[in-house]
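Everything below belongs to structure_35.txt, which stores compact mmCIF, C-alpha atoms and all ligand atoms.
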# COMPACT_ATOMS: atom_id res chain seq x y z
CA MET A 1166 -8.21 26.58 -12.33
CA SER A 1167 -7.74 23.38 -14.30
CA ILE A 1168 -9.11 21.09 -11.58
CA GLU A 1169 -12.91 20.89 -11.82
CA ALA A 1170 -13.73 18.11 -9.38
CA VAL A 1171 -12.50 16.11 -6.41
CA ILE A 1172 -13.34 12.43 -5.91
CA PHE A 1173 -12.86 11.11 -2.39
CA ASP A 1174 -12.29 7.59 -1.27
CA LEU A 1175 -14.54 6.95 1.76
CA ASP A 1176 -13.03 4.46 4.27
CA GLY A 1177 -9.92 6.08 5.76
CA VAL A 1178 -10.34 9.40 3.90
CA ILE A 1179 -13.75 10.86 4.80
CA CYS A 1180 -14.10 8.77 7.98
CA HIS A 1181 -12.25 6.26 10.14
CA THR A 1182 -14.28 3.19 9.20
CA ASP A 1183 -11.02 1.44 8.22
CA GLN A 1184 -10.53 0.59 11.92
CA TYR A 1185 -13.95 -1.14 11.97
CA HIS A 1186 -12.99 -3.21 8.90
CA TYR A 1187 -9.88 -4.29 10.81
CA GLN A 1188 -11.80 -5.22 13.97
CA ALA A 1189 -14.44 -7.16 12.06
CA TRP A 1190 -11.85 -9.18 10.08
CA LYS A 1191 -9.84 -9.74 13.27
CA THR A 1192 -12.91 -11.28 14.96
CA ILE A 1193 -13.32 -13.73 12.06
CA ALA A 1194 -9.57 -14.48 11.93
CA ASP A 1195 -9.37 -15.16 15.69
CA ARG A 1196 -12.37 -17.47 15.55
CA LEU A 1197 -10.76 -19.47 12.73
CA SER A 1198 -7.28 -19.24 14.39
CA ILE A 1199 -5.85 -17.51 11.31
CA PRO A 1200 -2.97 -15.06 11.93
CA PHE A 1201 -4.05 -11.52 11.13
CA ASP A 1202 -2.40 -8.17 11.79
CA GLU A 1203 -2.28 -4.56 10.54
CA ARG A 1204 0.20 -5.52 7.81
CA ILE A 1205 -2.21 -8.05 6.30
CA ASN A 1206 -5.11 -5.64 6.83
CA ALA A 1207 -3.25 -2.93 4.87
CA ARG A 1208 -3.43 -5.13 1.75
CA MET A 1209 -7.24 -5.18 2.07
CA ARG A 1210 -7.63 -1.41 1.82
CA GLY A 1211 -9.57 -0.42 -1.26
CA VAL A 1212 -10.30 -3.98 -2.40
CA SER A 1213 -13.71 -5.65 -2.30
CA ARG A 1214 -15.10 -7.67 0.61
CA LEU A 1215 -14.63 -11.05 -1.09
CA GLU A 1216 -11.12 -10.18 -2.30
CA SER A 1217 -10.29 -9.09 1.27
CA LEU A 1218 -11.51 -12.47 2.53
CA GLU A 1219 -9.21 -14.22 0.03
CA ILE A 1220 -6.28 -12.27 1.52
CA LEU A 1221 -7.34 -13.34 5.04
CA LEU A 1222 -7.70 -17.01 4.04
CA GLU A 1223 -4.20 -17.12 2.43
CA GLN A 1224 -2.83 -17.67 5.96
CA SER A 1225 -5.30 -20.45 6.84
CA GLY A 1226 -3.60 -23.35 5.06
CA LYS A 1227 -7.08 -24.71 4.26
CA ASN A 1228 -9.46 -24.69 1.31
CA PHE A 1229 -12.87 -23.09 1.76
CA SER A 1230 -15.85 -23.70 -0.53
CA GLN A 1231 -17.52 -20.77 -2.27
CA GLU A 1232 -20.49 -21.22 0.07
CA GLU A 1233 -18.27 -21.06 3.18
CA LYS A 1234 -16.55 -17.96 1.80
CA GLU A 1235 -19.86 -16.23 1.20
CA ARG A 1236 -20.98 -17.10 4.74
CA LEU A 1237 -17.76 -15.71 6.22
CA ALA A 1238 -18.02 -12.51 4.17
CA GLU A 1239 -21.62 -12.06 5.35
CA GLU A 1240 -20.61 -12.65 8.95
CA LYS A 1241 -17.80 -10.10 8.66
CA ASN A 1242 -20.26 -7.62 7.20
CA ARG A 1243 -22.73 -8.15 10.06
CA ILE A 1244 -19.98 -7.41 12.60
CA TYR A 1245 -18.81 -4.41 10.54
CA GLN A 1246 -22.34 -3.01 10.25
CA SER A 1247 -22.82 -3.29 14.02
CA PHE A 1248 -20.00 -0.72 14.32
CA LEU A 1249 -21.41 1.44 11.51
CA ARG A 1250 -24.83 1.61 13.19
CA LYS A 1251 -23.22 3.27 16.22
CA MET A 1252 -21.77 6.08 14.10
CA THR A 1253 -23.30 9.56 14.28
CA PRO A 1254 -22.60 12.88 12.49
CA ALA A 1255 -20.12 13.53 15.35
CA ASP A 1256 -17.87 10.90 13.69
CA LEU A 1257 -17.35 13.28 10.79
CA GLU A 1258 -14.33 15.33 11.84
CA ARG A 1259 -14.91 19.06 11.88
CA GLU A 1260 -11.78 19.62 9.76
CA THR A 1261 -13.09 17.20 7.16
CA PHE A 1262 -16.45 18.94 6.94
CA ARG A 1263 -14.74 22.33 6.78
CA ALA A 1264 -12.45 21.21 3.94
CA LEU A 1265 -15.40 19.77 2.00
CA ASN A 1266 -17.27 23.05 2.31
CA THR A 1267 -14.25 25.14 1.30
CA LEU A 1268 -13.77 23.00 -1.82
CA ARG A 1269 -17.45 23.42 -2.63
CA GLU A 1270 -17.14 27.22 -2.22
CA MET A 1271 -14.30 27.00 -4.77
CA ASN A 1272 -16.96 25.70 -7.21
CA LEU A 1273 -15.46 22.25 -7.39
CA LYS A 1274 -17.73 19.28 -7.97
CA LEU A 1275 -17.40 16.69 -5.20
CA ALA A 1276 -17.90 12.93 -5.39
CA ILE A 1277 -17.29 9.68 -3.56
CA GLY A 1278 -15.47 6.80 -5.27
CA SER A 1279 -15.51 3.81 -2.90
CA SER A 1280 -15.31 0.01 -3.29
CA SER A 1281 -17.65 -0.33 -0.30
CA ARG A 1282 -21.15 -1.72 -0.65
CA ASN A 1283 -21.90 0.07 2.65
CA THR A 1284 -21.27 3.56 1.24
CA ALA A 1285 -24.91 4.73 1.45
CA LEU A 1286 -25.21 3.53 5.06
CA ILE A 1287 -21.97 5.28 6.08
CA LEU A 1288 -22.89 8.57 4.38
CA HIS A 1289 -26.29 8.38 6.10
CA ARG A 1290 -24.74 7.76 9.53
CA LEU A 1291 -22.39 10.75 9.01
CA GLY A 1292 -25.27 13.05 8.04
CA LEU A 1293 -23.93 13.36 4.48
CA ASP A 1294 -27.02 12.12 2.58
CA GLY A 1295 -27.25 14.12 -0.63
CA PHE A 1296 -24.09 16.14 0.13
CA PHE A 1297 -21.98 14.86 -2.78
CA ASP A 1298 -22.70 15.67 -6.42
CA ALA A 1299 -22.15 12.00 -7.27
CA VAL A 1300 -21.59 8.76 -5.41
CA ALA A 1301 -19.96 5.76 -7.12
CA ASP A 1302 -19.61 2.69 -4.92
CA GLY A 1303 -19.18 -1.06 -4.64
CA THR A 1304 -22.83 -1.72 -5.55
CA GLN A 1305 -22.32 -0.22 -9.03
CA ILE A 1306 -19.06 -1.75 -10.21
CA LYS A 1307 -17.72 -5.09 -11.46
CA HIS A 1308 -14.07 -4.56 -10.54
CA SER A 1309 -12.85 -2.93 -7.34
CA LYS A 1310 -9.61 -0.95 -6.95
CA PRO A 1311 -6.86 -1.17 -8.24
CA ASN A 1312 -9.17 -1.24 -11.29
CA PRO A 1313 -10.11 2.39 -12.09
CA GLU A 1314 -13.81 1.54 -12.72
CA VAL A 1315 -15.25 3.24 -9.62
CA PHE A 1316 -13.36 6.51 -10.23
CA LEU A 1317 -14.22 6.53 -13.95
CA LEU A 1318 -17.87 6.01 -13.02
CA ALA A 1319 -17.74 8.90 -10.52
CA ALA A 1320 -16.12 11.17 -13.15
CA SER A 1321 -18.71 10.26 -15.75
CA LEU A 1322 -21.57 10.88 -13.27
CA LEU A 1323 -20.04 14.32 -12.63
CA GLY A 1324 -19.44 14.94 -16.34
CA VAL A 1325 -15.72 15.72 -15.85
CA GLN A 1326 -12.50 14.50 -17.48
CA PRO A 1327 -10.14 12.42 -15.28
CA SER A 1328 -7.25 14.77 -16.18
CA LYS A 1329 -9.22 17.63 -14.56
CA THR A 1330 -10.16 15.64 -11.48
CA LEU A 1331 -8.23 15.13 -8.25
CA VAL A 1332 -8.68 11.75 -6.52
CA VAL A 1333 -7.96 11.53 -2.79
CA GLU A 1334 -6.89 8.12 -1.48
CA ASP A 1335 -5.33 6.45 1.56
CA ALA A 1336 -4.70 3.03 -0.01
CA PRO A 1337 -2.05 1.80 -2.46
CA ALA A 1338 -4.78 0.00 -4.48
CA GLY A 1339 -6.70 3.29 -4.71
CA ILE A 1340 -3.65 5.27 -5.85
CA GLN A 1341 -2.98 2.67 -8.55
CA ALA A 1342 -6.64 2.80 -9.65
CA ALA A 1343 -6.62 6.59 -9.89
CA LYS A 1344 -3.32 6.65 -11.76
CA MET A 1345 -4.51 4.01 -14.20
CA GLY A 1346 -7.68 6.04 -14.80
CA GLY A 1347 -5.64 9.14 -15.73
CA PHE A 1348 -6.58 11.20 -12.64
CA VAL A 1349 -4.46 13.66 -10.64
CA VAL A 1350 -3.77 11.90 -7.32
CA ALA A 1351 -3.47 13.07 -3.72
CA GLY A 1352 -2.36 10.50 -1.14
CA LEU A 1353 -3.00 10.45 2.62
CA GLY A 1354 -1.54 8.22 5.34
CA ASP A 1355 -0.06 4.99 3.93
CA ALA A 1356 -0.50 6.37 0.42
CA VAL A 1357 1.85 9.34 0.73
CA GLU A 1358 4.82 7.32 -0.43
CA GLU A 1359 2.99 5.20 -2.98
CA PRO A 1360 4.44 5.64 -6.49
CA GLY A 1361 1.73 7.42 -8.45
CA THR A 1362 0.85 9.89 -5.70
CA ASP A 1363 1.24 13.36 -7.25
CA PHE A 1364 0.47 15.23 -4.02
CA PRO A 1365 1.24 13.71 -0.61
CA ILE A 1366 -1.05 15.39 1.96
CA LEU A 1367 -1.36 15.38 5.74
CA ALA A 1368 -4.99 16.49 5.95
CA LEU A 1369 -7.93 17.19 3.63
CA ASN A 1370 -7.46 20.90 4.17
CA ASP A 1371 -4.25 20.69 2.08
CA LEU A 1372 -6.48 19.99 -0.94
CA CYS A 1373 -7.76 23.57 -0.95
CA LEU A 1374 -4.25 24.89 -1.63
CA ILE A 1375 -3.48 22.19 -4.21
CA CYS A 1376 -6.71 22.87 -6.12
CA SER A 1377 -6.12 26.63 -6.12
CA MET A 1378 -2.55 26.09 -7.44
CA LEU A 1379 -3.47 23.75 -10.29
C1 LIG B 1401 -13.11 -0.27 0.85
C2 LIG B 1401 -12.25 -0.64 2.03
O1 LIG B 1401 -13.47 1.07 0.94
O2 LIG B 1401 -14.29 -1.07 0.84
C3 LIG B 1401 -11.94 -2.14 2.00
O3 LIG B 1401 -11.03 0.09 1.98
C4 LIG B 1401 -13.24 -2.92 1.95
O4 LIG B 1401 -11.20 -2.47 3.16
C5 LIG B 1401 -14.07 -2.48 0.75
O5 LIG B 1401 -12.97 -4.33 1.84
C6 LIG B 1401 -15.43 -3.18 0.68
O6 LIG B 1401 -16.19 -2.77 1.79
P1 LIG B 1401 -17.64 -3.32 2.17
O7 LIG B 1401 -18.21 -2.25 3.06
O8 LIG B 1401 -18.41 -3.47 0.87
O9 LIG B 1401 -17.44 -4.63 2.85
MG MG B 1402 -9.57 3.98 1.91
Just dump the structure as structure tokens.
Ligand code: BG6
Ligand code: MG
Amino acid sequence: MSIEAVIFDLDGVICHTDQYHYQAWKTIADRLSIPFDERINARMRGVSRLESLEILLEQSGKNFSQEEKERLAEEKNRIYQSFLRKMTPADLERETFRALNTLREMNLKLAIGSSSRNTALILHRLGLDGFFDAVADGTQIKHSKPNPEVFLLAASLLGVQPSKTLVVEDAPAGIQAAKMGGFVVAGLGDAVEEPGTDFPILALNDLCLICSML
């Protein structure tokens, strides 16, 4: 098999934390009377917290100081973390856990490549502490997706070449990042039709077949 490793995005791929991001941003937007909907939220997928805030504030018609922006980003994160703290290992879908274990039995190295600075907290809440061979996240990078930095870091922590690594993403910014980094790319959800997706998939279980074919 030419594929040696799989790097997973976290929010929207391993778990459904993307809905908590939406709810937390929506709370901030409503308080500031800024229009916000799923279409605007979709542009935030994969990008950093502060870049997501910039997208939200585009609709405000006002200028915010750097200090105000940092306060808003912190407030959003407090709301978001209040959802994360309620998560338990039961929030990890059985199919997801099964697919991860099957890929591991196929001797593939497994990693996380996420822009989130909450990655460690989420993996802990899901009972996945220490499960992955490498974790690259928003606390370790300068540029979030669509920059390939987080995936290149994950690949280098695993000691694998991007061309022998499959990245799994649900966000256009993530697909672009993986493509730019020279990875093989599987896309879920919104990402199935994104140019750059080599393998559109419906569920993580589809990865087992793809990896055994490649
Ligand atoms: C990505 C999400 O995984 O992490 C984005 O798709 C989010 O929506 C980004 O903005 C940063 O997340 P956090 O947890 O550091 O605020
Ligand atoms: Mg995602």
Select, from A:Lys1191, A:Lys1234, A:Arg1210, A:Lys1344, the residue with the minimum atom-to-atom distance to ligand MG 1402 (chain B), counting all atoms listed in the file.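 Among the listed residues, the smallest separation from ligand MG 1402 (chain B) belongs to A:Arg1210.
Residues in contact range of region 1227-1232 of chain A, defined as at most 12 Å between all atoms listed in the file, with sequence neighbours fewer than 4 positions away removed, read Leu1197, Ser1198, Ile1199, Leu1215, Leu1218, Glu1219, Leu1221, Leu1222, Glu1223, Arg1236, Leu1237, Ala1238 and Glu1239 of chain A.
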When you count all atoms listed in the file, which of these residues is closest to ligand MG 1402 (chain B): A:Leu1317, A:Ile1340, A:Leu1291, A:Leu1322? A:Ile1340
Which residue is closest to ligand LIG 1401 (chain B)? Choose from A:Ala1319, A:Ala1170, A:Ile1287, A:Val1325 and count all atoms listed in the file.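 Smallest distance to ligand LIG 1401 (chain B) is found for A:Ile1287.
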Length of the CA of Cys1376 (chain A) to CA of Gly1292 (chain A) vector [Å]: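 One can read the CA of Cys1376 (chain A) to CA of Gly1292 (chain A) distance as 25.3 Å.
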Closest to ligand MG 1402 (chain B) among A:Leu1175, A:Met1271, A:Leu1369, A:Ile1244, using all atoms listed in the file?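 Counting all atoms listed in the file, the residue closest to ligand MG 1402 (chain B) is A:Leu1175.
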Neighbours of ligand MG 1402 (chain B) within 7 Å, counting all atoms listed in the file, as a PDB file with C-alpha atoms, in the frame of the given file?
ATOM      1  CA  ASP A1174     -12.290   7.590  -1.270  1.00  0.00           C
ATOM      2  CA  LEU A1175     -14.540   6.950   1.760  1.00  0.00           C
ATOM      3  CA  ASP A1176     -13.030   4.460   4.270  1.00  0.00           C
ATOM      4  CA  GLY A1177      -9.920   6.080   5.760  1.00  0.00           C
ATOM      5  CA  VAL A1178     -10.340   9.400   3.900  1.00  0.00           C
ATOM      6  CA  ASP A1183     -11.020   1.440   8.220  1.00  0.00           C
ATOM      7  CA  ARG A1210      -7.630  -1.410   1.820  1.00  0.00           C
ATOM      8  CA  GLY A1211      -9.570  -0.420  -1.260  1.00  0.00           C
ATOM      9  CA  GLU A1334      -6.890   8.120  -1.480  1.00  0.00           C
ATOM     10  CA  ASP A1335      -5.330   6.450   1.560  1.00  0.00           C
ATOM     11  CA  ALA A1336      -4.700   3.030  -0.010  1.00  0.00           C
TER      12      ALA A1336
END
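Restricting the calculation to all atoms listed in the file, the smallest distance between Leu1331 (chain A) and any of A:Glu1216, A:Asp1363, A:Asp1355, A:Asp1298 is found for A:Asp1363.
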Option closest in space to Leu1288 (chain A), from A:Val1357, A:Leu1273, A:Leu1257, A:Ala1320 [counting only C-alpha atoms]: A:Leu1257
For Gln1188 (chain A): contacts at 12 Å, all atoms listed in the file, fewer than 5 positions along chain excluded, given as a VMD selection string: chain A and resid 1182 to 1183 1193 to 1195 1201 to 1203 1206 1241 to 1249
With all atoms listed in the file counted, which protein, DNA or RNA residues have an atom no more than 10 Å from (-6.6, 16.8, -9.2) in the file frame? Please answer as a ChimeraX atom specification. /A:1167-1172,1327-1333,1348-1351,1363-1364,1372,1375-1376,1379
Provide the atom P1 of ligand LIG 1401 (chain B) to CA of Asp1371 (chain A) distance in Å, to one decimal place.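 About the pair atom P1 of ligand LIG 1401 (chain B) and CA of Asp1371 (chain A): they are 27.5 Å apart.
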Separation of CA of Glu1235 (chain A) from CA of Ser1217 (chain A) in Å: 11.9 Å
Taking N, CA and C atoms as the atom set, what does region 1167-1197 of chain A look like once completed, written as a compact mmCIF listing (two decimals), in the coordinates of the input?
# COMPACT_ATOMS: atom_id res chain seq x y z
N SER A 1167 -7.49 24.49 -13.39
CA SER A 1167 -7.74 23.38 -14.30
C SER A 1167 -8.43 22.21 -13.62
N ILE A 1168 -8.40 22.17 -12.27
CA ILE A 1168 -9.11 21.09 -11.58
C ILE A 1168 -10.59 21.48 -11.43
N GLU A 1169 -11.47 20.58 -11.88
CA GLU A 1169 -12.91 20.89 -11.82
C GLU A 1169 -13.65 20.08 -10.78
N ALA A 1170 -13.02 18.99 -10.31
CA ALA A 1170 -13.73 18.11 -9.38
C ALA A 1170 -12.76 17.37 -8.47
N VAL A 1171 -13.29 16.94 -7.33
CA VAL A 1171 -12.50 16.11 -6.41
C VAL A 1171 -13.32 14.85 -6.09
N ILE A 1172 -12.69 13.70 -6.26
CA ILE A 1172 -13.34 12.43 -5.91
C ILE A 1172 -12.63 11.86 -4.68
N PHE A 1173 -13.41 11.61 -3.65
CA PHE A 1173 -12.86 11.11 -2.39
C PHE A 1173 -13.11 9.63 -2.22
N ASP A 1174 -12.08 8.92 -1.82
CA ASP A 1174 -12.29 7.59 -1.27
C ASP A 1174 -13.06 7.81 0.05
N LEU A 1175 -13.74 6.77 0.54
CA LEU A 1175 -14.54 6.95 1.76
C LEU A 1175 -13.81 6.43 3.01
N ASP A 1176 -13.63 5.08 3.07
CA ASP A 1176 -13.03 4.46 4.27
C ASP A 1176 -11.57 4.90 4.44
N GLY A 1177 -11.30 5.65 5.50
CA GLY A 1177 -9.92 6.08 5.76
C GLY A 1177 -9.62 7.47 5.19
N VAL A 1178 -10.55 8.04 4.43
CA VAL A 1178 -10.34 9.40 3.90
C VAL A 1178 -11.40 10.35 4.47
N ILE A 1179 -12.67 10.02 4.26
CA ILE A 1179 -13.75 10.86 4.80
C ILE A 1179 -14.01 10.49 6.27
N CYS A 1180 -13.81 9.22 6.61
CA CYS A 1180 -14.10 8.77 7.98
C CYS A 1180 -13.16 7.63 8.36
N HIS A 1181 -13.21 7.25 9.63
CA HIS A 1181 -12.25 6.26 10.14
C HIS A 1181 -12.82 4.84 10.19
N THR A 1182 -13.67 4.52 9.23
CA THR A 1182 -14.28 3.19 9.20
C THR A 1182 -13.25 2.09 8.92
N ASP A 1183 -12.05 2.46 8.46
CA ASP A 1183 -11.02 1.44 8.22
C ASP A 1183 -10.70 0.65 9.50
N GLN A 1184 -10.79 1.31 10.66
CA GLN A 1184 -10.53 0.59 11.92
C GLN A 1184 -11.64 -0.45 12.21
N TYR A 1185 -12.85 -0.17 11.76
CA TYR A 1185 -13.95 -1.14 11.97
C TYR A 1185 -13.78 -2.35 11.04
N HIS A 1186 -13.29 -2.09 9.80
CA HIS A 1186 -12.99 -3.21 8.90
C HIS A 1186 -11.98 -4.12 9.59
N TYR A 1187 -10.94 -3.50 10.15
CA TYR A 1187 -9.88 -4.29 10.81
C TYR A 1187 -10.47 -5.12 11.95
N GLN A 1188 -11.26 -4.50 12.80
CA GLN A 1188 -11.80 -5.22 13.97
C GLN A 1188 -12.72 -6.35 13.56
N ALA A 1189 -13.51 -6.12 12.51
CA ALA A 1189 -14.44 -7.16 12.06
C ALA A 1189 -13.67 -8.35 11.47
N TRP A 1190 -12.67 -8.08 10.64
CA TRP A 1190 -11.85 -9.18 10.08
C TRP A 1190 -11.09 -9.90 11.18
N LYS A 1191 -10.62 -9.15 12.17
CA LYS A 1191 -9.84 -9.74 13.27
C LYS A 1191 -10.71 -10.73 14.05
N THR A 1192 -11.98 -10.38 14.25
CA THR A 1192 -12.91 -11.28 14.96
C THR A 1192 -13.03 -12.61 14.20
N ILE A 1193 -13.18 -12.51 12.88
CA ILE A 1193 -13.32 -13.73 12.06
C ILE A 1193 -12.00 -14.53 12.12
N ALA A 1194 -10.88 -13.81 11.95
CA ALA A 1194 -9.57 -14.48 11.93
C ALA A 1194 -9.32 -15.21 13.25
N ASP A 1195 -9.61 -14.54 14.38
CA ASP A 1195 -9.37 -15.16 15.69
C ASP A 1195 -10.23 -16.41 15.85
N ARG A 1196 -11.48 -16.31 15.41
CA ARG A 1196 -12.37 -17.47 15.55
C ARG A 1196 -11.86 -18.67 14.76
N LEU A 1197 -11.26 -18.38 13.58
CA LEU A 1197 -10.76 -19.47 12.73
C LEU A 1197 -9.28 -19.78 13.02
